[in-house]
Each structure stands twice: as C-alpha cells, then as structure tokens.
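> Take a look at this one; I'll ask things after.
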Amino acid sequence: MKHGIIALSSNYQLYASMNNKCMAVLREYSPRVESYSIDESFLLLDGLSPLWPDMTSMGHDIRHKVQTWVGLPVGVGIGSTKTLAKLANHLAKKRPVYKGVCDLQSMAPDEAERIYASLPAGEVWGVGHRISEQLKRMRIHTVRDLRNASQASLRQQFGVRMERTLAELHGISCIPLEDVAPARKQIVSSRAYGERVTALREIEESVTMYAARATERLRRQRSTCAAVHVFVETDRFRTDEPQYNNGRTVPLPEPTDDLRVITKAAMWGLKKIFRLGIKYKKAGVMLMELSETGHHQGTLFASGVSEMSSAPLMQALDAINQRFGKDTLRLAAGLGQHRWTARFDMVSQRYTTNWNELPFAR
C-alpha cells in the first residue's frame, strides 16, 4: 500500500455472489425487481403505498437491511419513472443532506425545480458526454433546461430515444421494467492477458477458451449466431512499442450454437489478422446476428456439422462441465500452458463462495 491506495484484482465470483444476496433482500420489498447491472436494480412500487405510506422511510429501511445483512452500502432513489429514479439515486449518493435516500416523487415542486436547475443535463440517464456538448450548443445546460426544451426539436436532432428521455423527465413512463432480462443481441468474451503474448499458438489457445465462454452463454439463452467476430489488441499504454488493433468478422453458413463451428470460424479470422513481431495484450470473440434456436432459414451450403448430432453433443458438454467443473471437457485447441491467463495475484477473498477463504475471528 502506498499513499493509502490499495490495488486489488477483479473478483467476479464475489461480485456475482454479493449481487445475488442484495437482490434477495430487494425482493422482500417488491415482487417486481429488475437487475439492471451488477450494482444497480429497479423496483416497481405500484400498489405498495398501503404498506409504506412514506417511501422515504422505506428507502432508509432498504439501506439499513442491505448494509446489515449483506454488508454493502447502497443509495436509494425514488421517482415516477426510471429516468427520474436514476436522477434521484445520483442525488442520494452525491448530496449528504438526503442521507442516502432521495424521493423526487414526493418532493415539493419548488424544491424539485431548484434541484433540476442546479444539475447539469449530462447527469440525466442516456445523455452522454457527446450529447451533452451538443445540448450546450443549443443553450440547454441543466436538467431543467432539458425538461423544458422543445420535444419536436430534440426528436429531430437526437431521435426517438431523446424524446423518451424527455417524456420520462415529465413523469411519463416510457422505459418499462424488465422482470426477465432480454436475450442479448451480441455476446462478447474477452479479457486482457496476464502478460503480453507474441506467438500465434498462445493466442489461439485464448481465443478457443473465449469462444467456449461465449458459446456457453449463447446456449444458455437458447440462441444461435450467424457471424463470429475475433479481435486482437496491443497495450495502448506502451507508446514505446508498435501499436496494432484489428478484427475480422466471419459469416457462418447457417446459424449455430455448436462450439466446434464457432471456434473454427474464430481461428480462421484470427489467422487473417495475426501479425508476427507484435506484443499482444488482449484478444476476444464476439458472437453476432443472434436469433432464437430453431428459428432460422436453412441453406444449401451446410457447415458440415449435423444439426441432429450437434445438439445432443453440446448438451452433454454443458452437463459434464456444470457437474464436474468448468472446462472439464474442452476443445484440444484450448490446451496449453495458458501463460496468457489474466493475473489475480491481488484478488480479495471469495468468502461467500469458497470454504477455504472464509475469514477467521481471532
């Protein structure tokens, strides 16, 4: 530790475990909960006013229970739409006066107006840096300016998404709660290498493993892909070394979830973009043009893999790996020393999922 800074490796198992525990607490407050990201959720509060006449007190109760039961500090924002709830959450975290809970829905109109006038338009969900700069050129600087702007001109300039954002700022819900996460339109598996790699064989090992991870998620959501994109990158922070970033998209003869077909396509694309003498820092695989399994047009130019034999084989592969551990069964192309594997030398303890890493009281 230097200058009070502690550096830790990523700990995805712990993150997922803590997220699941937090979600279990939130479901005690509402039957409809959307896990928006690993650290953010939406709760639908319609019909709960008889149980909680004061939503602010409910917010404090949520904070206390999550802190006590899970050990995580959280902020609670309450609004009549998702966009307003996100804005309220920002206020809850940034302004100590709210003590971690901000309820814009029950706030006095004049107080809400003062808040909107003090917040930059860029704090609104969906308004990024680039759009924020464009809004400034239109003399729209604050949340209040954005809310009072012409709906027609904003739609003409930015499209229907900005029109929905404006409606949400006026309390009109346009972004529904998603109880079940929608199927992904793209699936990416990628990670920075633990050390830089120069050999094609080692990059092939990593791409094979990344393809396996992506294809597992593809089958889990019962989808197939019609194109595979493979990419490589160098370390952009090493300005003293040659920089090279490239990718290749490989269309498939027909949509599939077969690991063998997807890996073969990724290997072909990788050989097209690989260059000797380059120190690579990262590679990855993206599955594109996803569709629901069983819903695709046939083709005269088959991939050579029988669909009748592919499905049982992939089911057996998933079942064995789920029972006996990840990568118990894998393609031979992924075998090797795996020097490229990401380093986790500074990982924190996975005390919620690993018996050997439970903390001890002394």
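Starting from 1 in every chain, residues are counted up; chains themselves are A, B, ... following the order of the structure tokens, and ligands are numbered from 1 as listed.
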Counting only C-alpha atoms, which residues of segment 57-113 of chain A fall within 9 Å of segment 16-30 of chain A, and what is the closest atom pair for each with its distance in Å at one decimal, ordered by chain and rising number, as a Markdown table?


| residue | atom | partner | partner_atom | distance |
| --- | --- | --- | --- | --- |
| A:Met58 | CA | A:Tyr29 | CA | 8.5 |
| A:Ile62 | CA | A:Leu26 | CA | 7.3 |
| A:Lys65 | CA | A:Val25 | CA | 7.5 |
| A:Val66 | CA | A:Cys22 | CA | 6.4 |
| A:Trp69 | CA | A:Val25 | CA | 8.2 |
| A:Val70 | CA | A:Cys22 | CA | 6.5 |
| A:Gly71 | CA | A:Met18 | CA | 9.0 |
| A:Leu72 | CA | A:Cys22 | CA | 8.3 |

> Could you pull out the residues in segment 26-268 of chain A that DSSP calls strand (DSSP E or B) from the backbone, as a ChimeraX atom specification?

/A:33-37,40-43,76-78,101-103,120,142,187-197,223-234,245-256

> Name the residues in contact with Leu329 of chain A at a cut-off of 8 Å, using only C-alpha atoms, excluding same-chain residues fewer than 6 positions from it; report them as a PyMOL selection string.

chain A and resi 317+320-321

> Using backbone DSSP assignments, extract all helix (DSSP H, G or I) residues from segment 192-252 of chain A; output them as a PyMOL selection string.

chain A and resi 200-220

> For the contact check between segment 127-151 of chain A and segment 84-91 of chain A, emit one row per residue of segment 127-151 of chain A within 12 Å, containing the shortest atom pair and the distance in Å rounded to one decimal, counting only C-alpha atoms, chain then rising number order, as JSON lines.


{"residue": "A:Val127", "atom": "CA", "partner": "A:Leu87", "partner_atom": "CA", "distance": 11.7}
{"residue": "A:Val143", "atom": "CA", "partner": "A:Leu87", "partner_atom": "CA", "distance": 9.7}
{"residue": "A:Arg147", "atom": "CA", "partner": "A:Leu84", "partner_atom": "CA", "distance": 11.4}

> Quick one: pull the distance between atom CA of Tyr193 of chain A and atom CA of Thr208 of chain A, Å, one decimal.

14.1 Å

> Please list as a PyMOL selection string every residue within 8 Å of Gln243 of chain A, counting only C-alpha atoms and excluding residues in the same chain fewer than 3 positions away.

chain A and resi 234-236+239+278

> Tell me, in Å to one decimal, how far atom CA of Ala192 of chain A is from atom CA of Gly325 of chain A.

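These atoms are spaced 23.0 Å apart.
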
> Which residues are close to segment 352-362 of chain A, i.e. within 7 Å by only C-alpha atoms, leaving aside same-chain residues fewer than 2 positions away? Reply as a count of residues only.

4

> Determine the nearest neighbour of Val197 of chain A from the options A:Pro120, A:Gly126, A:Gly277, A:Gly159, counting only C-alpha atoms.

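Selected residue with least distance to Val197 of chain A: A:Gly277.
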
> Give me the residues near segment 268-272 of chain A as a list in words, where near means some atom within 7 Å (using only C-alpha atoms) and where sequence neighbours in that chain fewer than 4 positions away do not count.

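After dropping sequence-adjacent residues, the list is Val230, Arg248, Thr249, Val250 and Lys264 of chain A.
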
> So the first atom is atom CA of Leu335 of chain A and the second is atom CA of Asn246 of chain A; what is the distance between them in Å, to one decimal place?

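Between these atoms lies a distance of 24.5 Å.
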
> Would you write out, as a Markdown table, a table of all residues in segment 203-294 of chain A that have an atom no more than 6 Å from an atom of segment 186-191 of chain A, listing for each the closest atom pair and the distance in Å to one decimal, considering only C-alpha atoms and ordering rows by chain and rising residue number?


| residue | atom | partner | partner_atom | distance |
| --- | --- | --- | --- | --- |
| A:Tyr210 | CA | A:Ser189 | CA | 5.2 |
| A:Ala214 | CA | A:Ser189 | CA | 5.4 |
| A:Gly284 | CA | A:Ser190 | CA | 4.1 |
| A:Val285 | CA | A:Ser189 | CA | 5.4 |
| A:Met286 | CA | A:Val188 | CA | 4.3 |
| A:Leu287 | CA | A:Ile187 | CA | 5.1 |
| A:Met288 | CA | A:Gln186 | CA | 5.1 |

> Find the spatial neighbours of Lys94 of chain A, counting only C-alpha atoms, within a cut-off of 12 Å - ignore same-chain residues fewer than 6 positions away - and output them as a PyMOL selection string.

chain A and resi 75-77+87-88+100-102+119+123

> Ranking A:Asn245, A:Gln105, A:Thr81, A:Thr224 by minimum distance to Leu166 of chain A and counting only C-alpha atoms, which one comes first?

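Of A:Asn245, A:Gln105, A:Thr81, A:Thr224, the one nearest Leu166 of chain A is A:Thr81, counting only C-alpha atoms.
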
> Between A:Ser223, A:Ser106, A:Gln134, A:Thr341, which residue has the minimum interatomic distance to Asp54 of chain A, considering only C-alpha atoms?

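For Asp54 of chain A, the nearest of the given residues is A:Ser106.
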
> Considering only C-alpha atoms, state which residue in the set A:Tyr280, A:Tyr98, A:Tyr36, A:Phe42 is at the smallest distance from Arg196 of chain A.

A:Tyr280

> From the list A:Glu254, A:Asp103, A:Glu205, A:Asp145, which residue is nearest Ala266 of chain A when using only C-alpha atoms?

A:Glu205
